[in-house]
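> To be precise about what I am sending: the file is called coords.txt and holds compact mmCIF, C-alpha atoms and all ligand atoms.
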# COMPACT_ATOMS: atom_id res chain seq x y z
CA MET A 274 0.00 0.00 0.00
CA THR A 275 1.21 3.50 -0.72
CA LEU A 276 1.26 6.09 2.03
CA LYS A 277 -1.54 7.94 0.31
CA GLN A 278 -3.74 4.83 0.48
CA LEU A 279 -2.77 4.35 4.12
CA TYR A 280 -3.66 7.96 4.84
CA ASN A 281 -7.10 7.53 3.29
CA ASN A 282 -7.74 4.27 5.21
CA GLY A 283 -6.62 5.86 8.47
CA LEU A 284 -8.83 8.88 7.86
CA ARG A 285 -11.89 6.68 7.31
CA LYS A 286 -11.13 4.75 10.49
CA LEU A 287 -10.80 7.88 12.63
CA GLU A 288 -13.87 9.49 11.09
CA SER A 289 -15.96 6.39 11.73
CA GLY A 290 -14.63 6.43 15.32
CA GLY A 291 -16.05 9.95 15.73
CA VAL A 292 -12.69 11.77 16.01
CA ALA A 293 -13.47 15.47 15.51
CA ASP A 294 -10.24 16.63 13.89
CA ALA A 295 -9.52 13.38 12.05
CA ARG A 296 -7.45 14.87 9.20
CA PHE A 297 -5.03 16.64 11.50
CA GLU A 298 -4.63 13.58 13.69
CA VAL A 299 -3.99 11.17 10.80
CA TRP A 300 -1.28 13.51 9.53
CA VAL A 301 0.35 13.52 12.94
CA LEU A 302 0.37 9.71 12.93
CA ILE A 303 1.71 9.48 9.36
CA GLU A 304 4.51 11.94 10.08
CA GLU A 305 5.31 10.31 13.41
CA ILE A 306 5.42 6.73 12.16
CA PHE A 307 6.82 7.10 8.64
CA GLY A 308 8.90 10.25 9.05
CA VAL A 309 7.69 11.68 5.71
CA ASN A 310 6.29 15.06 4.73
CA ARG A 311 2.73 15.68 3.64
CA ALA A 312 3.47 17.04 0.18
CA ASP A 313 5.21 13.78 -0.85
CA VAL A 314 2.31 11.71 0.51
CA ILE A 315 -0.27 13.80 -1.33
CA ALA A 316 1.75 13.67 -4.57
CA ASP A 317 1.83 9.87 -4.10
CA ILE A 318 5.49 9.66 -5.15
CA LEU A 319 6.74 7.54 -2.23
CA PRO A 320 7.47 3.81 -2.43
CA ALA A 321 5.01 1.35 -0.85
CA ALA A 322 5.03 1.54 2.94
CA ASP A 323 7.04 -0.89 5.04
CA THR A 324 4.63 -3.60 6.26
CA ALA A 325 5.69 -3.48 9.91
CA LEU A 326 5.25 0.29 9.98
CA ALA A 327 1.90 0.01 8.19
CA ASP A 328 0.73 -2.47 10.86
CA ARG A 329 1.83 -0.05 13.56
CA PHE A 330 -0.04 2.76 11.83
CA PHE A 331 -3.27 0.70 11.69
CA ASP A 332 -2.88 -0.29 15.32
CA CYS A 333 -2.50 3.40 16.30
CA CYS A 334 -5.55 4.35 14.21
CA SER A 335 -7.62 1.62 15.91
CA ARG A 336 -6.65 2.81 19.38
CA ARG A 337 -7.42 6.40 18.41
CA ALA A 338 -10.81 5.39 16.94
CA GLU A 339 -11.63 3.71 20.26
CA GLY A 340 -11.00 7.00 22.07
CA MET A 341 -7.43 6.88 23.33
CA PRO A 342 -5.97 10.39 23.00
CA LEU A 343 -3.45 10.87 20.20
CA GLN A 344 -0.87 12.22 22.66
CA TYR A 345 -0.81 8.98 24.68
CA ILE A 346 -0.55 6.94 21.48
CA ILE A 347 2.51 8.79 20.19
CA GLY A 348 3.87 9.33 23.72
CA HIS A 349 4.80 12.99 23.51
CA TRP A 350 3.33 16.45 22.86
CA GLU A 351 4.50 19.99 22.37
CA PHE A 352 4.06 22.75 24.96
CA MET A 353 5.66 26.20 24.73
CA GLY A 354 7.75 24.92 21.80
CA LEU A 355 9.27 22.11 23.92
CA ASP A 356 8.65 18.41 23.46
CA PHE A 357 7.21 16.67 26.55
CA GLN A 358 6.92 12.93 27.04
CA VAL A 359 3.43 12.00 28.20
CA ASP A 360 1.84 8.80 29.43
CA SER A 361 -1.33 7.88 31.28
CA SER A 362 0.20 9.01 34.61
CA VAL A 363 -0.05 12.67 33.60
CA LEU A 364 -2.51 15.11 32.10
CA ILE A 365 -1.82 15.93 28.45
CA PRO A 366 -0.27 19.41 28.21
CA ARG A 367 -2.89 21.81 26.81
CA GLN A 368 -2.30 24.92 24.79
CA ASP A 369 -4.68 26.79 27.15
CA THR A 370 -2.20 26.23 29.97
CA GLU A 371 0.48 28.14 28.04
CA THR A 372 -1.43 31.25 29.23
CA LEU A 373 0.15 30.76 32.69
CA VAL A 374 3.71 30.48 31.39
CA GLU A 375 3.24 33.43 29.05
CA TYR A 376 1.83 35.58 31.83
CA ILE A 377 4.86 34.84 34.01
CA THR A 378 7.48 35.43 31.32
CA GLU A 379 5.77 38.70 30.33
CA ASN A 380 5.81 39.97 33.91
CA TYR A 381 8.99 38.59 35.45
CA SER A 382 12.68 38.30 34.67
CA GLY A 383 15.89 37.44 36.50
CA ARG A 384 16.35 35.01 39.34
CA LEU A 385 13.17 33.83 41.03
CA ASP A 386 12.11 31.06 43.38
CA ILE A 387 9.23 29.32 41.63
CA LEU A 388 7.06 26.44 42.81
CA ASP A 389 4.96 24.46 40.31
CA MET A 390 2.43 22.60 42.44
CA CYS A 391 0.64 19.58 40.88
CA CYS A 392 3.28 19.53 38.13
CA GLY A 393 2.17 16.39 36.25
CA SER A 394 4.42 16.06 33.18
CA GLY A 395 6.29 19.16 34.36
CA CYS A 396 5.21 21.23 31.37
CA ILE A 397 4.65 24.47 33.34
CA GLY A 398 7.67 24.33 35.65
CA LEU A 399 10.08 23.04 33.01
CA SER A 400 9.01 25.66 30.45
CA LEU A 401 9.59 28.31 33.13
CA LYS A 402 13.07 26.96 33.89
CA HIS A 403 13.80 27.01 30.16
CA LEU A 404 12.60 30.61 29.79
CA LEU A 405 13.90 31.95 33.14
CA PRO A 406 17.10 29.90 33.40
CA GLU A 407 18.56 31.68 36.43
CA SER A 408 15.53 30.77 38.52
CA ARG A 409 15.26 27.99 41.06
CA VAL A 410 12.25 25.90 40.07
CA VAL A 411 10.68 23.27 42.32
CA LEU A 412 8.13 20.84 40.86
CA CYS A 413 5.77 18.99 43.21
CA ASP A 414 3.16 16.33 42.70
CA ILE A 415 1.45 13.78 44.90
CA SER A 416 1.87 11.08 42.24
CA ARG A 417 5.19 9.24 42.12
CA ASP A 418 4.46 8.10 38.56
CA ALA A 419 3.86 11.68 37.46
CA LEU A 420 7.12 12.76 39.11
CA GLU A 421 8.96 10.04 37.21
CA THR A 422 7.55 11.39 33.95
CA ALA A 423 8.50 14.94 34.97
CA TYR A 424 11.99 13.68 35.83
CA ARG A 425 12.37 12.08 32.39
CA ASN A 426 11.28 15.36 30.81
CA ALA A 427 13.73 17.38 32.89
CA GLN A 428 16.53 15.01 31.79
CA ALA A 429 15.54 15.06 28.12
CA LEU A 430 15.30 18.86 28.10
CA ASN A 431 18.49 19.20 30.14
CA LEU A 432 16.85 21.40 32.78
CA ASP A 433 18.12 21.51 36.33
CA VAL A 434 15.08 21.59 38.65
CA THR A 435 14.10 20.09 42.00
CA LEU A 436 11.37 17.42 42.07
CA LYS A 437 9.54 16.63 45.26
CA GLN A 438 6.67 14.31 46.15
CA CYS A 439 4.20 16.30 48.14
CA ASP A 440 0.54 16.16 49.20
CA LEU A 441 -0.59 19.75 49.22
CA THR A 442 -3.37 18.97 51.71
CA ASN A 443 -0.66 18.43 54.35
CA GLY A 444 0.07 22.16 54.21
CA TYR A 445 3.26 23.90 53.12
CA LYS A 446 5.08 23.63 56.46
CA GLU A 447 5.57 19.91 55.93
CA TYR A 448 7.73 20.65 52.87
CA PHE A 449 8.90 24.26 52.71
CA GLY A 450 9.87 27.21 54.84
CA GLU A 451 7.89 30.39 55.30
CA ASN A 452 8.28 33.13 52.65
CA GLU A 453 10.19 30.79 50.33
CA PHE A 454 8.75 31.56 46.90
CA ASP A 455 8.31 34.52 44.55
CA ILE A 456 5.75 32.59 42.52
CA ILE A 457 3.51 29.61 43.19
CA VAL A 458 1.95 28.44 39.95
CA SER A 459 -0.50 25.57 39.70
CA ASN A 460 -2.89 23.79 37.41
CA PRO A 461 -4.58 21.70 40.10
CA PRO A 462 -7.41 19.19 39.55
CA TYR A 463 -10.57 21.29 39.17
CA ILE A 464 -13.36 19.24 37.59
CA LYS A 465 -16.38 18.82 39.89
CA SER A 466 -16.65 15.20 41.10
CA SER A 467 -20.23 15.02 39.81
CA ASP A 468 -19.00 15.99 36.32
CA MET A 469 -16.38 13.24 36.25
CA GLN A 470 -18.89 10.68 34.92
CA SER A 471 -19.91 12.76 31.92
CA LEU A 472 -16.44 13.67 30.69
CA GLN A 473 -15.57 13.58 27.01
CA ARG A 474 -14.36 10.02 26.29
CA GLU A 475 -10.75 11.19 25.73
CA LEU A 476 -10.62 12.70 29.23
CA ALA A 477 -11.58 9.35 30.71
CA TYR A 478 -8.11 8.12 29.67
CA GLU A 479 -6.42 10.85 31.71
CA PRO A 480 -5.59 10.29 35.38
CA ARG A 481 -8.61 10.92 37.57
CA ILE A 482 -6.32 12.19 40.31
CA ALA A 483 -5.25 15.04 37.99
CA LEU A 484 -8.82 16.11 37.21
CA ASP A 485 -11.16 15.55 40.17
CA GLY A 486 -11.35 18.74 42.22
CA GLY A 487 -13.90 17.51 44.77
CA PRO A 488 -17.66 18.29 45.01
CA ASP A 489 -17.36 21.95 43.95
CA GLY A 490 -14.07 21.70 42.02
CA MET A 491 -12.47 23.98 44.64
CA LYS A 492 -10.78 21.49 46.96
CA TYR A 493 -7.18 22.17 45.89
CA TYR A 494 -7.66 25.90 45.26
CA SER A 495 -8.89 26.36 48.78
CA TRP A 496 -5.79 24.61 50.19
CA LEU A 497 -3.45 26.56 47.97
CA ILE A 498 -5.01 29.96 48.56
CA SER A 499 -5.46 29.65 52.31
CA ASP A 500 -2.68 27.39 53.51
CA TRP A 501 0.08 27.89 50.93
CA LYS A 502 -0.03 31.66 51.27
CA GLY A 503 2.57 31.24 54.04
CA ALA A 504 5.10 29.86 51.52
CA LEU A 505 4.88 33.05 49.44
CA ARG A 506 7.12 36.01 50.18
CA PRO A 507 5.37 39.32 50.94
CA GLY A 508 4.31 40.74 47.57
CA ALA A 509 4.80 37.35 45.85
CA GLN A 510 2.19 36.00 43.48
CA MET A 511 0.01 32.90 43.30
CA ILE A 512 -0.96 32.09 39.71
CA LEU A 513 -3.67 29.49 39.16
CA GLU A 514 -5.26 27.89 36.12
CA SER A 515 -9.03 28.04 36.37
CA GLY A 516 -11.90 26.23 34.74
CA PHE A 517 -14.75 28.26 33.25
CA ASP A 518 -16.98 27.53 36.24
CA THR A 519 -14.43 28.02 39.04
CA GLN A 520 -12.90 31.38 38.11
CA ASN A 521 -15.28 33.52 40.17
CA ASP A 522 -14.96 31.33 43.26
CA ILE A 523 -11.16 31.51 42.99
CA TYR A 524 -11.34 35.28 42.63
CA LEU A 525 -13.53 35.59 45.74
CA MET A 526 -11.38 33.20 47.73
CA PHE A 527 -8.31 35.34 47.02
CA LEU A 528 -10.21 38.38 48.31
CA GLU A 529 -11.45 36.53 51.41
CA CYS A 530 -7.88 35.47 52.21
CA GLU A 531 -6.76 39.12 51.92
CA TYR A 532 -4.60 38.88 48.84
CA GLY A 533 -4.23 41.99 46.69
CA ASP A 534 -3.99 42.72 42.93
CA VAL A 535 -6.41 39.92 42.03
CA LEU A 536 -6.59 39.55 38.26
CA LYS A 537 -7.86 37.29 35.50
CA ARG A 538 -6.40 36.50 32.07
CA ARG A 539 -8.01 34.85 29.05
CA ASP A 540 -6.52 32.08 26.92
CA ALA A 541 -6.21 32.18 23.12
CA ASN A 542 -9.86 31.02 22.86
CA GLY A 543 -11.09 33.95 24.94
CA THR A 544 -11.90 31.84 28.02
CA VAL A 545 -10.71 33.02 31.43
CA ARG A 546 -7.91 30.57 32.16
CA LEU A 547 -5.82 32.27 34.82
CA VAL A 548 -6.64 33.88 38.16
CA ALA A 549 -3.74 35.36 40.11
CA ALA A 550 -3.17 37.48 43.19
CA LYS A 551 -0.40 38.82 45.38
CA LYS A 552 0.24 38.28 49.04
CA GLY A 553 0.15 41.63 50.79
CA LEU A 554 3.42 43.27 51.82
CA GLY A 555 2.40 43.29 55.48
CA LYS A 556 1.70 39.56 56.00
N1 LIG J 1 -8.19 21.60 31.52
C1 LIG J 1 -8.71 20.33 31.86
C2 LIG J 1 -10.05 20.17 31.18
O1 LIG J 1 -10.40 20.95 30.38
C3 LIG J 1 -8.82 20.16 33.36
C4 LIG J 1 -7.50 20.26 33.99
C5 LIG J 1 -7.55 20.21 35.47
O2 LIG J 1 -8.45 19.71 36.15
N2 LIG J 1 -6.55 20.77 36.02
O3 LIG J 1 -10.77 19.28 31.39
Let's see the structure in the file written out as structure tokens.

Amino acid sequence: MTLKQLYNNGLRKLESGGVADARFEVWVLIEEIFGVNRADVIADILPAADTALADRFFDCCSRRAEGMPLQYIIGHWEFMGLDFQVDSSVLIPRQDTETLVEYITENYSGRLDILDMCCGSGCIGLSLKHLLPESRVVLCDISRDALETAYRNAQALNLDVTLKQCDLTNGYKEYFGENEFDIIVSNPPYIKSSDMQSLQRELAYEPRIALDGGPDGMKYYSWLISDWKGALRPGAQMILESGFDTQNDIYLMFLECEYGDVLKRRDANGTVRLVAAKKGLGK
């Protein structure tokens, strides 16, 4: 079979499996598996595909058609221009989350102490270390498997960071000193438990522990905003990813806990994706 025929077969398989952006995803698989460019496939000038690779391609298309996310099938995904290894122990890096990294690099420079809490693959903390290389970056997660993935990413990207297993509901004092960080950034689990059943089928492949934010989706925000304030220096900033239905509660919680400069930022789709605030200078 030529690659063009394989492409057409793969496309039909993904479309019949209900994959929304089937064309894009088949191209990713073709490029990943055969290492060829699109123009040559479309022009149909390439020799017949290697049988073993063709089998692998069909196997990947079947798994995708059954709902497994493309990123887990190919095992890596791009975030902030860097390539991150991903597996089912971590959330897939989303473009929306780049809003947090962009906000920080637009507003900070130099040497900072940064904590990425609930780091998963490490995409936020490692991108920050890449873009603010003088900074000390600490990545924490409760999941040992996620930390292993983050460690592999740190190695592959040659970034010198500290990784630490940590349950944020134990409070910061168990792990860090007072006034230790200039920035705490986090994309914590924030889906309401009652919404976990009705997730898009792709999300069901992602780790529940990275998504379930308790009955109101606020469980981890409330710990971070109230308890972890002590780990911020006076004037330091907590920067949180928010879901569309948690942003106002996060905003109010920052005000209740007497933070200042509370702000929101939208992602490239126009959805509020970031809520941030600063610890006051006095406390
Ligand atoms: N952004 C994810 C979603 O859209 C949720 C990520 C999270 O809970 N931190 O479902």
> Using only C-alpha atoms and all ligand atoms, which residues of the polymer chains come no farther than 6 Å from ligand LIG 1 (chain J)? I'd like the answer as JSON, numbers by chain.
{"A": [460, 461, 462, 463, 464, 483, 484]}
> Take atom CA of Asn431 of chain A and atom CA of Glu304 of chain A and report the distance between them in Å, one decimal.
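These two atoms are separated by 25.5 Å.
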> For Glu451 of chain A, which residue out of A:Val301, A:Leu505, A:Leu497, A:Ile346 is the nearest one, using all atoms listed in the file?
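Using all atoms listed in the file, the shortest distance to Glu451 of chain A belongs to A:Leu505.
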> So which one's closest to Asp534 of chain A, A:Arg417, A:Arg546, A:Arg425, A:Lys551? Using all atoms listed in the file, please.
A:Lys551
> Restricting the calculation to only C-alpha atoms, which member of A:Cys413, A:Val548, A:Ala504, A:Leu399 is positioned closest to Asn521 of chain A?
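Of the candidates, the smallest distance to Asn521 of chain A is held by A:Val548.
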> Give me the residues within 12 Å of Tyr381 of chain A as a ChimeraX atom specification, counting all atoms listed in the file and dropping any in the same chain fewer than 6 places off.
/A:374-375,387,401,404-405,407-408,455-456,509-510
> Please compute the atom CA of Asp489 of chain A-atom CA of Gly533 of chain A distance, one decimal, in Å.
24.1 Å
> Find the residues near Leu287 of chain A: any atom within 7 Å, counting all atoms listed in the file, skip ones fewer than 5 places away on the same chain, and give them as number ranges by chain.
A: 292, 295, 334, 337-338
> Calculate how many Å separate atom CA of Cys391 of chain A from atom CA of Val363 of chain A, rounding to one decimal.
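Taking atom CA of Cys391 of chain A and atom CA of Val363 of chain A, their separation equals 10.1 Å.
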> Do you know which residues lie at most 8 Å from (-4.2, 15.7, 33.0), with coordinates as in the file and only C-alpha atoms counted, and could you write them as an NGL selection string?
:A and (363-366 or 393 or 479-481 or 483-484)
> Measuring between all atoms listed in the file, which one of A:Glu529, A:Asp386, A:Asp500, A:Glu379 shows the shortest distance to Tyr445 of chain A?
A:Asp500
> Mind listing as a list in words all residues within 12 Å of (-13.0, 9.6, 11.3), counting all atoms listed in the file?
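Every polymer residue passing the test: Tyr280, Asn281, Asn282, Gly283, Leu284, Arg285, Lys286, Leu287, Glu288, Ser289, Gly290, Gly291, Val292, Ala293, Asp294, Ala295, Arg296, Phe297, Glu298, Val299, Cys334, Ser335, Arg337, Ala338, Glu339 and Gly340 of chain A.
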> I'd like the neighbourhood of segment 347-351 of chain A as a VMD selection string, where a residue qualifies if any of its atoms comes within 12 Å (using only C-alpha atoms), though same-chain residues fewer than 4 positions away should be ignored.
chain A and resid 298 to 299 301 to 306 329 to 330 332 to 334 336 to 337 341 to 343 355 to 368 370 to 371 394 396 to 397 400 422 425 to 426 429
> Considering all atoms listed in the file, state which residue in the set A:Leu326, A:Leu412, A:Leu276, A:Ala427 is at the smallest distance from Asp313 of chain A.
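Closest residue, counting all atoms listed in the file: A:Leu276.
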> Between A:Thr378, A:Thr442, A:Gln473, A:Thr544, which residue has the minimum interatomic distance to His403 of chain A, considering all atoms listed in the file?
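Ranking A:Thr378, A:Thr442, A:Gln473, A:Thr544 by distance to His403 of chain A, first place goes to A:Thr378.
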> Could you list, as a PyMOL selection string, every residue within 10 Å of Lys437 of chain A, counting all atoms listed in the file and ignoring same-chain residues fewer than 3 positions away?
chain A and resi 390+392+411-417+420+434+440+448
